[in-house]
Amino acid sequence: MGVTESLGAVVKAFPQARLVAFADLSSRMILSSAGTLSTTQEHLDKLCDQARASFDDPLFALSVEAFGEPNAAVVMGPENLRFFLRSETEPADAMCCICDHGIDLPAFVAKIRTTLESITHAG
Amino acid sequence: MNRGTLPILARLQSLQTTARIVPGGARIISETTDRNPVAQLLRVTNETMLARSLRFVSTGGPSLTLDVAGRRILRVTDAQGLAGAESCIGLEALEDEQKDDLIKLLQGVAIPREELHVISGPVGRGGEEVSVGLPVALLADLLLIELNATEPDEEPEVAPEEEAPLPTSKPGDSLADGGGGLSGFASALGPALVAWLINGGSEDGRTDGPEEMVSHLDGFLGDERESLERQFDVLSATPGDPICMILGATLVEGHSIVAARVGAAILLGVIEGDATTATLGAWRPALL
């Protein structure tokens with residue numbers, strides 16, 4: 001299954017995931033995305049920047065000092081929930097997701113993890 | 001049993017006890033079924049080494065706020081619904097002549113068959129430098145309480161009810177009102193949130209969890225609050241928006257950092273285990 005199909009399968013399984021994207025954090029680019037949320041390139045660039053900011057100081061340093069390097073981040077605001085997951089083997093590879101608050105977060109996190117692993121290992 | 005091991009066993013036992021948090025960020029230290037709530041109050045006080053303000057609140061109504069440091073009660077800073085507090089309130093440091101009045105206040109707030117809650121916060125007046133006050137061990141001796149008990153408590157032999165100050169307020173009057181806000185968020189996260197503190201806003205200074213963890217979080221916020229606000233703003237649609245962030249290796253096991261902002265208040269804490277299950281349900285009410 002290709003990247004586009006993998007992302008599409010996530011959106012199909014989790015309709016409350018409005019946008020699921022695969023990004024290269026090192027080049028700050030969303031490489032592929034799927035979902036019902038209409039987005040411009042500007043929106044995708046901003047989402048990628050937010051993923052980078054999630055794994056940045058000062059919280060990154062606190063986490064590293066306390067528990068080790070973080071690879072997963074959930075950001076909840078008034079409007080939506082964003083989930084960012086970096087690959088443990090290829091830290092530049094990341095999933096960036098925008099979801100409604102009602103999503104089954106534990107199941108979604110598990111699904112995104114397996115999807116990222118399959119994309120990273122396939123690439 | 002070697003008496004030297006008793007404090008260690010008691011500490012291990014308390015660490016294995018699941019903490020119960022109620023709205024407002026308070027921790028339940030004595031249940032309605034506990035036979036000697038004064039003993040629980042003194043044990044919590046005796047575990048407080050760094051200077052803290054401990055506010056004890058009974059579901060029966062009264063509350064008592066103590067400045068505590070180094071296993072000593074330094075002073076009484078507030079008493080609600082308790083008669084006879086005048087001799088203790090306002091003193092810079094409690095002395096031996098106040099011990100009987102203080103014991104009556106402790107008995108007045110730690111009412112049998114009522115829950116007893118504690119809310120921890122920063123002391124009002126530099127307690128770190130104060131080396132006086134009343135040792136918790138002295139009060140425990142007078143009340144025949146074993147601070148390091150590893151067995152259930154016996155009924156107290158002292159504290160006749162007629163000598164205890166009577167509550168003068170309605171039940172629940174002096175309980176923290178929180179249900180929303182960041183204290184409510186902390187409460188809703190439950191025991192998975194093993195240590196936390198709130199910096200800024202009306203809930204400033206509320207904390208719970210092991211002192212060394214809270215102290216580390218406090219030091220971090222002291223140094224990094226401004227840069228954390230900037231990190232939040234990058235992740236928010238509009239600077240200053242409410243936001244909650246959880247950061248961890250996997251979010252489902254091990255430890256994760258939780259940081260949240262609502263208005264001027266920032267909560268920083270540590271979640272143990274699965275951070276994904278309780279978080280969503282806890283966050284939405286905090287925005288109300």
# chains A, B, ... in the order shown; residues from 1 in each chain; ligands from 1

$ residues_around --residues "B:Thr277" --least-positions-apart "6" --cutoff "12 Å" --atoms "only C-alpha atoms" --output "CSV table (one decimal) with C-alpha atoms, in the first residue's frame"
chain,number,residue,atom,x,y,z
A,74,VAL,CA,-0.9,15.8,21.5
A,102,GLY,CA,-14.5,13.4,20.0
A,103,ILE,CA,-11.9,11.0,18.4
A,104,ASP,CA,-11.0,7.7,20.1
A,105,LEU,CA,-7.5,9.0,20.9
A,106,PRO,CA,-6.0,5.7,22.2
A,107,ALA,CA,-7.1,3.8,19.2
A,108,PHE,CA,-6.1,6.6,16.8
A,109,VAL,CA,-2.6,6.9,18.3
B,188,ALA,CA,-10.3,14.9,36.1
B,189,LEU,CA,-7.0,13.4,35.0
B,190,GLY,CA,-7.0,11.4,38.2
B,192,ALA,CA,-2.4,9.2,36.3
B,251,LEU,CA,2.0,8.7,25.3
B,252,VAL,CA,0.7,5.2,26.3
B,253,GLU,CA,3.4,4.0,28.6
B,271,ILE,CA,1.5,11.7,33.7
B,283,TRP,CA,-9.6,19.0,28.9

$ residues_around --residues "A:Ala13" --least-positions-apart "3" --cutoff "12 Å" --atoms "only C-alpha atoms" --output "mmCIF file with C-alpha atoms, in the first residue's frame"
data_model
loop_
_atom_site.group_PDB
_atom_site.id
_atom_site.type_symbol
_atom_site.label_atom_id
_atom_site.label_comp_id
_atom_site.auth_asym_id
_atom_site.auth_seq_id
_atom_site.Cartn_x
_atom_site.Cartn_y
_atom_site.Cartn_z
ATOM 1 C CA SER A 6 -2.243 4.353 3.874
ATOM 2 C CA LEU A 7 -3.350 7.853 4.857
ATOM 3 C CA GLY A 8 -6.707 7.341 3.186
ATOM 4 C CA ALA A 9 -7.211 4.140 5.140
ATOM 5 C CA VAL A 10 -6.666 6.023 8.413
ATOM 6 C CA GLN A 16 -13.144 12.311 13.103
ATOM 7 C CA ALA A 17 -9.607 12.616 11.768
ATOM 8 C CA ARG A 18 -10.096 15.642 9.526
ATOM 9 C CA VAL A 20 -3.824 13.040 8.234
ATOM 10 C CA GLY A 35 -8.912 13.983 4.854
ATOM 11 C CA ILE A 103 -11.947 11.013 18.386
ATOM 12 C CA ASP A 104 -11.021 7.733 20.085
ATOM 13 C CA ALA A 107 -7.070 3.777 19.157
ATOM 14 C CA PHE A 108 -6.081 6.598 16.828
ATOM 15 C CA LYS A 111 -3.264 3.318 14.238
ATOM 16 C CA ILE A 112 -1.041 6.293 13.401
#

$ interface_residues --of "chain A" --to "chain B" --cutoff "7 Å" --atoms "only C-alpha atoms" --output "list in words"
Gln50, Ala53, Pro58, Ser63, Phe67, Glu69, Pro70, Asn71, Ala72, Ala73, Val74, Val75, Met76, Gly77, Pro78, His101, Leu105 and Pro106 of chain A

$ write_last_selection --atoms "N, CA and C atoms" --output "CSV table (one decimal), in the first residue's frame"
chain,number,residue,atom,x,y,z
A,50,GLN,N,4.1,23.5,13.2
A,50,GLN,CA,3.7,23.2,14.6
A,50,GLN,C,4.2,21.9,15.0
A,53,ALA,N,7.6,22.6,16.2
A,53,ALA,CA,7.5,23.3,17.5
A,53,ALA,C,7.2,22.4,18.6
A,58,PRO,N,10.8,24.8,25.1
A,58,PRO,CA,11.5,24.3,26.3
A,58,PRO,C,10.9,22.9,26.7
A,63,SER,N,11.4,17.2,28.8
A,63,SER,CA,11.1,15.8,28.6
A,63,SER,C,12.4,14.9,28.5
A,67,PHE,N,12.6,12.1,31.1
A,67,PHE,CA,12.2,10.7,30.7
A,67,PHE,C,12.9,10.3,29.4
A,69,GLU,N,13.9,11.2,25.0
A,69,GLU,CA,13.5,12.0,23.9
A,69,GLU,C,12.1,11.6,23.5
A,70,PRO,N,11.2,12.7,23.4
A,70,PRO,CA,9.8,12.4,23.1
A,70,PRO,C,9.6,12.3,21.6
A,71,ASN,N,8.7,11.4,21.2
A,71,ASN,CA,8.4,11.2,19.8
A,71,ASN,C,6.9,11.5,19.5
A,72,ALA,N,6.1,11.7,20.5
A,72,ALA,CA,4.7,11.8,20.3
A,72,ALA,C,4.2,13.1,21.1
A,73,ALA,N,3.3,13.8,20.4
A,73,ALA,CA,2.8,15.0,21.0
A,73,ALA,C,1.3,15.2,20.7
A,74,VAL,N,0.5,15.5,21.7
A,74,VAL,CA,-0.9,15.8,21.5
A,74,VAL,C,-1.1,17.3,21.9
A,75,VAL,N,-1.7,18.1,21.0
A,75,VAL,CA,-1.9,19.5,21.2
A,75,VAL,C,-3.4,19.7,21.1
A,76,MET,N,-4.0,20.2,22.2
A,76,MET,CA,-5.5,20.4,22.2
A,76,MET,C,-5.7,21.9,22.4
A,77,GLY,N,-6.5,22.4,21.5
A,77,GLY,CA,-7.0,23.8,21.6
A,77,GLY,C,-8.5,23.8,21.7
A,78,PRO,N,-9.1,25.0,21.6
A,78,PRO,CA,-10.5,25.1,21.7
A,78,PRO,C,-11.2,24.5,20.5
A,101,HIS,N,-12.4,16.8,18.6
A,101,HIS,CA,-12.2,16.4,20.0
A,101,HIS,C,-12.8,15.0,20.4
A,105,LEU,N,-9.0,8.6,20.9
A,105,LEU,CA,-7.5,9.0,20.9
A,105,LEU,C,-6.6,7.8,21.1
A,106,PRO,N,-6.9,6.9,22.1
A,106,PRO,CA,-6.0,5.7,22.2
A,106,PRO,C,-5.9,4.9,21.0

$ select_by_dssp --residues "stretch 2-121 of chain A" --states "alpha helix (DSSP H)" --output "PDB file with N, CA and C atoms, in the first residue's frame"
ATOM      1  N   VAL A   3       1.763   5.495   0.195  1.00  0.00           N
ATOM      2  CA  VAL A   3       1.533   6.473   1.257  1.00  0.00           C
ATOM      3  C   VAL A   3       0.112   7.034   1.192  1.00  0.00           C
ATOM      4  N   THR A   4      -0.324   7.405   0.012  1.00  0.00           N
ATOM      5  CA  THR A   4      -1.658   8.003  -0.141  1.00  0.00           C
ATOM      6  C   THR A   4      -2.745   7.031   0.319  1.00  0.00           C
ATOM      7  N   GLU A   5      -2.583   5.770  -0.075  1.00  0.00           N
ATOM      8  CA  GLU A   5      -3.581   4.765   0.335  1.00  0.00           C
ATOM      9  C   GLU A   5      -3.541   4.548   1.846  1.00  0.00           C
ATOM     10  N   SER A   6      -2.361   4.548   2.415  1.00  0.00           N
ATOM     11  CA  SER A   6      -2.243   4.353   3.874  1.00  0.00           C
ATOM     12  C   SER A   6      -2.938   5.477   4.630  1.00  0.00           C
ATOM     13  N   LEU A   7      -2.711   6.714   4.179  1.00  0.00           N
ATOM     14  CA  LEU A   7      -3.350   7.853   4.857  1.00  0.00           C
ATOM     15  C   LEU A   7      -4.865   7.819   4.653  1.00  0.00           C
ATOM     16  N   GLY A   8      -5.277   7.441   3.463  1.00  0.00           N
ATOM     17  CA  GLY A   8      -6.707   7.341   3.186  1.00  0.00           C
ATOM     18  C   GLY A   8      -7.375   6.289   4.063  1.00  0.00           C
ATOM     19  N   ALA A   9      -6.653   5.197   4.302  1.00  0.00           N
ATOM     20  CA  ALA A   9      -7.211   4.140   5.140  1.00  0.00           C
ATOM     21  C   ALA A   9      -7.415   4.630   6.578  1.00  0.00           C
ATOM     22  N   VAL A  10      -6.513   5.475   7.057  1.00  0.00           N
ATOM     23  CA  VAL A  10      -6.666   6.023   8.413  1.00  0.00           C
ATOM     24  C   VAL A  10      -7.917   6.899   8.484  1.00  0.00           C
ATOM     25  N   VAL A  11      -8.070   7.770   7.487  1.00  0.00           N
ATOM     26  CA  VAL A  11      -9.221   8.682   7.488  1.00  0.00           C
ATOM     27  C   VAL A  11     -10.528   7.898   7.396  1.00  0.00           C
ATOM     28  N   LYS A  12     -10.486   6.823   6.621  1.00  0.00           N
ATOM     29  CA  LYS A  12     -11.702   6.005   6.485  1.00  0.00           C
ATOM     30  C   LYS A  12     -12.049   5.318   7.809  1.00  0.00           C
ATOM     31  N   ALA A  13     -10.996   4.877   8.509  1.00  0.00           N
ATOM     32  CA  ALA A  13     -11.234   4.187   9.788  1.00  0.00           C
ATOM     33  C   ALA A  13     -11.605   5.164  10.901  1.00  0.00           C
ATOM     34  N   GLN A  41      -1.806  25.296   0.857  1.00  0.00           N
ATOM     35  CA  GLN A  41      -0.401  24.987   1.123  1.00  0.00           C
ATOM     36  C   GLN A  41       0.084  25.727   2.377  1.00  0.00           C
ATOM     37  N   GLU A  42      -0.466  26.919   2.575  1.00  0.00           N
ATOM     38  CA  GLU A  42      -0.093  27.701   3.764  1.00  0.00           C
ATOM     39  C   GLU A  42      -0.493  26.963   5.042  1.00  0.00           C
ATOM     40  N   HIS A  43      -1.685  26.373   5.021  1.00  0.00           N
ATOM     41  CA  HIS A  43      -2.141  25.605   6.181  1.00  0.00           C
ATOM     42  C   HIS A  43      -1.222  24.412   6.437  1.00  0.00           C
ATOM     43  N   LEU A  44      -0.851  23.732   5.359  1.00  0.00           N
ATOM     44  CA  LEU A  44       0.006  22.548   5.511  1.00  0.00           C
ATOM     45  C   LEU A  44       1.391  22.945   6.033  1.00  0.00           C
ATOM     46  N   ASP A  45       1.912  24.067   5.530  1.00  0.00           N
ATOM     47  CA  ASP A  45       3.219  24.539   6.021  1.00  0.00           C
ATOM     48  C   ASP A  45       3.135  24.860   7.512  1.00  0.00           C
ATOM     49  N   LYS A  46       2.019  25.486   7.901  1.00  0.00           N
ATOM     50  CA  LYS A  46       1.856  25.850   9.314  1.00  0.00           C
ATOM     51  C   LYS A  46       1.753  24.598  10.185  1.00  0.00           C
ATOM     52  N   LEU A  47       1.044  23.595   9.678  1.00  0.00           N
ATOM     53  CA  LEU A  47       0.920  22.345  10.432  1.00  0.00           C
ATOM     54  C   LEU A  47       2.289  21.695  10.630  1.00  0.00           C
ATOM     55  N   CYS A  48       3.102  21.747   9.589  1.00  0.00           N
ATOM     56  CA  CYS A  48       4.445  21.175   9.686  1.00  0.00           C
ATOM     57  C   CYS A  48       5.299  21.966  10.683  1.00  0.00           C
ATOM     58  N   ASP A  49       5.157  23.275  10.660  1.00  0.00           N
ATOM     59  CA  ASP A  49       5.894  24.099  11.632  1.00  0.00           C
ATOM     60  C   ASP A  49       5.445  23.787  13.063  1.00  0.00           C
ATOM     61  N   GLN A  50       4.148  23.541  13.230  1.00  0.00           N
ATOM     62  CA  GLN A  50       3.652  23.209  14.566  1.00  0.00           C
ATOM     63  C   GLN A  50       4.192  21.858  15.035  1.00  0.00           C
ATOM     64  N   ALA A  51       4.339  20.931  14.109  1.00  0.00           N
ATOM     65  CA  ALA A  51       4.938  19.639  14.482  1.00  0.00           C
ATOM     66  C   ALA A  51       6.372  19.850  14.967  1.00  0.00           C
ATOM     67  N   ARG A  52       7.116  20.668  14.232  1.00  0.00           N
ATOM     68  CA  ARG A  52       8.489  20.954  14.653  1.00  0.00           C
ATOM     69  C   ARG A  52       8.507  21.652  16.006  1.00  0.00           C
ATOM     70  N   ALA A  53       7.571  22.604  16.199  1.00  0.00           N
ATOM     71  CA  ALA A  53       7.533  23.337  17.467  1.00  0.00           C
ATOM     72  C   ALA A  53       7.168  22.425  18.633  1.00  0.00           C
ATOM     73  N   SER A  54       6.375  21.403  18.355  1.00  0.00           N
ATOM     74  CA  SER A  54       5.993  20.475  19.429  1.00  0.00           C
ATOM     75  C   SER A  54       7.195  19.715  19.965  1.00  0.00           C
ATOM     76  N   LEU A  59       9.736  22.508  26.217  1.00  0.00           N
ATOM     77  CA  LEU A  59       9.186  21.240  26.727  1.00  0.00           C
ATOM     78  C   LEU A  59      10.007  20.039  26.262  1.00  0.00           C
ATOM     79  N   PHE A  60      10.601  20.154  25.081  1.00  0.00           N
ATOM     80  CA  PHE A  60      11.433  19.051  24.605  1.00  0.00           C
ATOM     81  C   PHE A  60      12.591  18.804  25.583  1.00  0.00           C
ATOM     82  N   ALA A  61      13.245  19.882  25.993  1.00  0.00           N
ATOM     83  CA  ALA A  61      14.387  19.742  26.908  1.00  0.00           C
ATOM     84  C   ALA A  61      13.947  19.154  28.250  1.00  0.00           C
ATOM     85  N   LEU A  62      12.784  19.599  28.724  1.00  0.00           N
ATOM     86  CA  LEU A  62      12.280  19.069  29.998  1.00  0.00           C
ATOM     87  C   LEU A  62      12.013  17.577  29.882  1.00  0.00           C
ATOM     88  N   SER A  63      11.399  17.177  28.770  1.00  0.00           N
ATOM     89  CA  SER A  63      11.087  15.768  28.583  1.00  0.00           C
ATOM     90  C   SER A  63      12.363  14.924  28.470  1.00  0.00           C
ATOM     91  N   VAL A  64      13.332  15.423  27.694  1.00  0.00           N
ATOM     92  CA  VAL A  64      14.592  14.689  27.536  1.00  0.00           C
ATOM     93  C   VAL A  64      15.283  14.509  28.873  1.00  0.00           C
ATOM     94  N   GLU A  65      15.290  15.603  29.642  1.00  0.00           N
ATOM     95  CA  GLU A  65      15.947  15.561  30.952  1.00  0.00           C
ATOM     96  C   GLU A  65      15.254  14.585  31.886  1.00  0.00           C
ATOM     97  N   ALA A  66      13.935  14.553  31.801  1.00  0.00           N
ATOM     98  CA  ALA A  66      13.176  13.754  32.759  1.00  0.00           C
ATOM     99  C   ALA A  66      13.003  12.302  32.311  1.00  0.00           C
ATOM    100  N   LEU A 105      -8.957   8.638  20.947  1.00  0.00           N
ATOM    101  CA  LEU A 105      -7.527   8.969  20.880  1.00  0.00           C
ATOM    102  C   LEU A 105      -6.611   7.757  21.084  1.00  0.00           C
ATOM    103  N   PRO A 106      -6.873   6.893  22.069  1.00  0.00           N
ATOM    104  CA  PRO A 106      -5.972   5.737  22.224  1.00  0.00           C
ATOM    105  C   PRO A 106      -5.901   4.873  20.965  1.00  0.00           C
ATOM    106  N   ALA A 107      -7.060   4.608  20.363  1.00  0.00           N
ATOM    107  CA  ALA A 107      -7.070   3.777  19.157  1.00  0.00           C
ATOM    108  C   ALA A 107      -6.413   4.514  17.995  1.00  0.00           C
ATOM    109  N   PHE A 108      -6.648   5.815  17.921  1.00  0.00           N
ATOM    110  CA  PHE A 108      -6.081   6.598  16.828  1.00  0.00           C
ATOM    111  C   PHE A 108      -4.553   6.654  16.932  1.00  0.00           C
ATOM    112  N   VAL A 109      -4.049   6.848  18.136  1.00  0.00           N
ATOM    113  CA  VAL A 109      -2.598   6.890  18.336  1.00  0.00           C
ATOM    114  C   VAL A 109      -1.966   5.568  17.894  1.00  0.00           C
ATOM    115  N   ALA A 110      -2.606   4.471  18.246  1.00  0.00           N
ATOM    116  CA  ALA A 110      -2.072   3.156  17.859  1.00  0.00           C
ATOM    117  C   ALA A 110      -2.081   2.996  16.334  1.00  0.00           C
ATOM    118  N   LYS A 111      -3.151   3.438  15.700  1.00  0.00           N
ATOM    119  CA  LYS A 111      -3.264   3.318  14.238  1.00  0.00           C
ATOM    120  C   LYS A 111      -2.212   4.183  13.536  1.00  0.00           C
ATOM    121  N   ILE A 112      -2.031   5.399  14.018  1.00  0.00           N
ATOM    122  CA  ILE A 112      -1.041   6.293  13.401  1.00  0.00           C
ATOM    123  C   ILE A 112       0.367   5.715  13.566  1.00  0.00           C
ATOM    124  N   ARG A 113       0.611   5.102  14.709  1.00  0.00           N
ATOM    125  CA  ARG A 113       1.950   4.532  14.943  1.00  0.00           C
ATOM    126  C   ARG A 113       2.259   3.435  13.919  1.00  0.00           C
ATOM    127  N   THR A 114       1.303   2.534  13.722  1.00  0.00           N
ATOM    128  CA  THR A 114       1.547   1.442  12.764  1.00  0.00           C
ATOM    129  C   THR A 114       1.628   1.978  11.332  1.00  0.00           C
ATOM    130  N   THR A 115       0.830   3.002  11.055  1.00  0.00           N
ATOM    131  CA  THR A 115       0.870   3.585   9.703  1.00  0.00           C
ATOM    132  C   THR A 115       2.222   4.236   9.439  1.00  0.00           C
ATOM    133  N   LEU A 116       2.727   4.979  10.406  1.00  0.00           N
ATOM    134  CA  LEU A 116       4.027   5.634  10.230  1.00  0.00           C
ATOM    135  C   LEU A 116       5.141   4.603  10.073  1.00  0.00           C
ATOM    136  N   GLU A 117       5.069   3.556  10.867  1.00  0.00           N
ATOM    137  CA  GLU A 117       6.101   2.515  10.761  1.00  0.00           C
ATOM    138  C   GLU A 117       6.084   1.890   9.370  1.00  0.00           C
ATOM    139  N   SER A 118       4.892   1.629   8.862  1.00  0.00           N
ATOM    140  CA  SER A 118       4.815   0.990   7.540  1.00  0.00           C
ATOM    141  C   SER A 118       5.313   1.931   6.453  1.00  0.00           C
ATOM    142  N   ILE A 119       4.994   3.220   6.571  1.00  0.00           N
ATOM    143  CA  ILE A 119       5.457   4.177   5.552  1.00  0.00           C
ATOM    144  C   ILE A 119       6.982   4.321   5.615  1.00  0.00           C
ATOM    145  N   THR A 120       7.503   4.458   6.842  1.00  0.00           N
ATOM    146  CA  THR A 120       8.944   4.651   6.995  1.00  0.00           C
ATOM    147  C   THR A 120       9.722   3.436   6.487  1.00  0.00           C
ATOM    148  N   HIS A 121       9.230   2.260   6.849  1.00  0.00           N
ATOM    149  CA  HIS A 121       9.953   1.061   6.436  1.00  0.00           C
ATOM    150  C   HIS A 121       9.809   0.798   4.941  1.00  0.00           C
TER     151      HIS A 121
END

$ atom_distance --atom1 "atom CA of B:Pro210" --atom2 "atom CA of B:Val194"
7.8 Å

$ residues_around --residues "B:Leu102" --least-positions-apart "4" --cutoff "9 Å" --atoms "only C-alpha atoms" --output "PyMOL selection string"
chain B and resi 76+85+87-88+94+98+106-107+139

$ write_last_selection --atoms "N, CA and C atoms" --output "CSV table (one decimal), in the first residue's frame"
chain,number,residue,atom,x,y,z
B,76,VAL,N,-0.3,28.9,62.2
B,76,VAL,CA,-1.7,28.8,61.7
B,76,VAL,C,-2.0,30.0,60.9
B,85,ALA,N,-9.7,29.6,67.6
B,85,ALA,CA,-8.5,29.7,66.8
B,85,ALA,C,-7.7,31.0,67.1
B,87,SER,N,-6.1,32.2,69.5
B,87,SER,CA,-4.8,32.1,70.2
B,87,SER,C,-3.7,31.7,69.3
B,88,CYS,N,-4.0,31.1,68.2
B,88,CYS,CA,-2.9,30.6,67.3
B,88,CYS,C,-2.8,31.4,66.0
B,94,LEU,N,4.4,29.2,66.2
B,94,LEU,CA,3.8,28.5,67.3
B,94,LEU,C,4.8,28.1,68.4
B,98,GLN,N,1.0,27.0,72.9
B,98,GLN,CA,-0.1,26.9,72.0
B,98,GLN,C,-0.5,25.5,71.6
B,106,LEU,N,-6.8,20.9,65.3
B,106,LEU,CA,-6.6,19.7,64.5
B,106,LEU,C,-7.7,18.7,64.6
B,107,GLN,N,-8.2,18.6,65.9
B,107,GLN,CA,-9.3,17.7,66.1
B,107,GLN,C,-10.6,18.2,65.5
B,139,LEU,N,3.3,16.6,68.9
B,139,LEU,CA,1.8,16.5,68.8
B,139,LEU,C,1.3,15.1,68.7

$ select_by_dssp --residues "stretch 171-275 of chain B" --states "strand (DSSP E)" --output "ChimeraX atom specification"
/B:193-199,207-208,243-248,255-262,265-272

$ write_last_selection --atoms "N, CA and C atoms" --output "CSV table (one decimal), in the first residue's frame"
chain,number,residue,atom,x,y,z
B,193,LEU,N,-2.1,11.5,36.8
B,193,LEU,CA,-1.3,12.7,37.0
B,193,LEU,C,-0.5,12.7,38.3
B,194,VAL,N,0.7,12.3,38.3
B,194,VAL,CA,1.4,12.0,39.5
B,194,VAL,C,2.0,13.2,40.2
B,195,ALA,N,2.2,14.3,39.5
B,195,ALA,CA,2.8,15.5,40.1
B,195,ALA,C,2.4,16.7,39.2
B,196,TRP,N,2.0,17.8,39.8
B,196,TRP,CA,1.6,18.9,39.0
B,196,TRP,C,1.7,20.2,39.9
B,197,LEU,N,1.7,21.3,39.2
B,197,LEU,CA,1.6,22.6,39.8
B,197,LEU,C,1.0,23.6,38.9
B,198,ILE,N,0.4,24.6,39.4
B,198,ILE,CA,-0.2,25.7,38.6
B,198,ILE,C,0.6,27.0,39.0
B,199,ASN,N,0.9,27.7,37.9
B,199,ASN,CA,1.7,28.9,38.0
B,199,ASN,C,0.8,30.0,37.4
B,207,THR,N,-0.6,22.7,44.0
B,207,THR,CA,0.3,21.6,43.6
B,207,THR,C,-0.2,20.3,44.2
B,208,ASP,N,0.3,19.2,43.6
B,208,ASP,CA,0.2,17.9,44.3
B,208,ASP,C,1.2,17.0,43.7
B,243,ILE,N,-4.7,26.2,25.7
B,243,ILE,CA,-4.0,25.1,25.0
B,243,ILE,C,-3.6,24.1,26.0
B,244,CYS,N,-3.5,22.8,25.6
B,244,CYS,CA,-3.0,21.7,26.4
B,244,CYS,C,-2.1,20.9,25.5
B,245,MET,N,-0.9,20.6,26.0
B,245,MET,CA,0.0,19.8,25.2
B,245,MET,C,0.5,18.6,26.1
B,246,ILE,N,0.6,17.5,25.4
B,246,ILE,CA,1.2,16.3,26.1
B,246,ILE,C,2.3,15.8,25.2
B,247,LEU,N,3.4,15.6,25.9
B,247,LEU,CA,4.7,15.2,25.2
B,247,LEU,C,5.3,14.0,25.8
B,248,GLY,N,5.5,13.0,25.0
B,248,GLY,CA,6.1,11.8,25.6
B,248,GLY,C,6.7,10.9,24.6
B,255,HIS,N,6.4,7.8,31.1
B,255,HIS,CA,6.0,9.1,31.6
B,255,HIS,C,5.8,10.1,30.5
B,256,SER,N,4.9,11.0,30.6
B,256,SER,CA,4.7,12.1,29.7
B,256,SER,C,4.6,13.4,30.4
B,257,ILE,N,5.0,14.5,29.7
B,257,ILE,CA,4.8,15.8,30.3
B,257,ILE,C,3.5,16.4,29.8
B,258,VAL,N,2.7,17.0,30.7
B,258,VAL,CA,1.5,17.7,30.3
B,258,VAL,C,1.7,19.2,30.7
B,259,ALA,N,1.4,20.0,29.7
B,259,ALA,CA,1.5,21.5,30.0
B,259,ALA,C,0.2,22.1,29.4
B,260,ALA,N,-0.4,22.9,30.2
B,260,ALA,CA,-1.7,23.5,29.7
B,260,ALA,C,-1.8,25.0,30.2
B,261,ARG,N,-2.4,25.8,29.3
B,261,ARG,CA,-2.6,27.2,29.6
B,261,ARG,C,-4.1,27.6,29.5
B,262,VAL,N,-4.6,28.2,30.5
B,262,VAL,CA,-5.9,28.8,30.4
B,262,VAL,C,-5.8,30.2,31.0
B,265,ALA,N,-3.1,31.3,33.7
B,265,ALA,CA,-2.6,30.2,34.5
B,265,ALA,C,-1.9,29.1,33.6
B,266,ILE,N,-0.8,28.6,34.1
B,266,ILE,CA,-0.2,27.5,33.4
B,266,ILE,C,-0.1,26.3,34.3
B,267,LEU,N,-0.5,25.1,33.9
B,267,LEU,CA,-0.3,23.9,34.6
B,267,LEU,C,0.8,23.1,34.0
B,268,LEU,N,1.7,22.6,34.8
B,268,LEU,CA,2.8,21.7,34.3
B,268,LEU,C,2.7,20.5,35.2
B,269,GLY,N,2.8,19.3,34.5
B,269,GLY,CA,2.7,18.1,35.3
B,269,GLY,C,3.3,16.9,34.6
B,270,VAL,N,3.2,15.8,35.3
B,270,VAL,CA,3.8,14.5,34.8
B,270,VAL,C,2.7,13.5,34.9
B,271,ILE,N,2.5,12.8,33.7
B,271,ILE,CA,1.5,11.7,33.7
B,271,ILE,C,2.2,10.4,33.6
B,272,GLU,N,1.8,9.5,34.4
B,272,GLU,CA,2.4,8.1,34.4
B,272,GLU,C,1.4,7.2,33.7

$ atom_distance --atom1 "atom CA of B:Asp34" --atom2 "atom CA of B:Glu212"
28.0 Å

$ atom_distance --atom1 "atom CA of B:Leu50" --atom2 "atom CA of B:Pro37"
22.9 Å
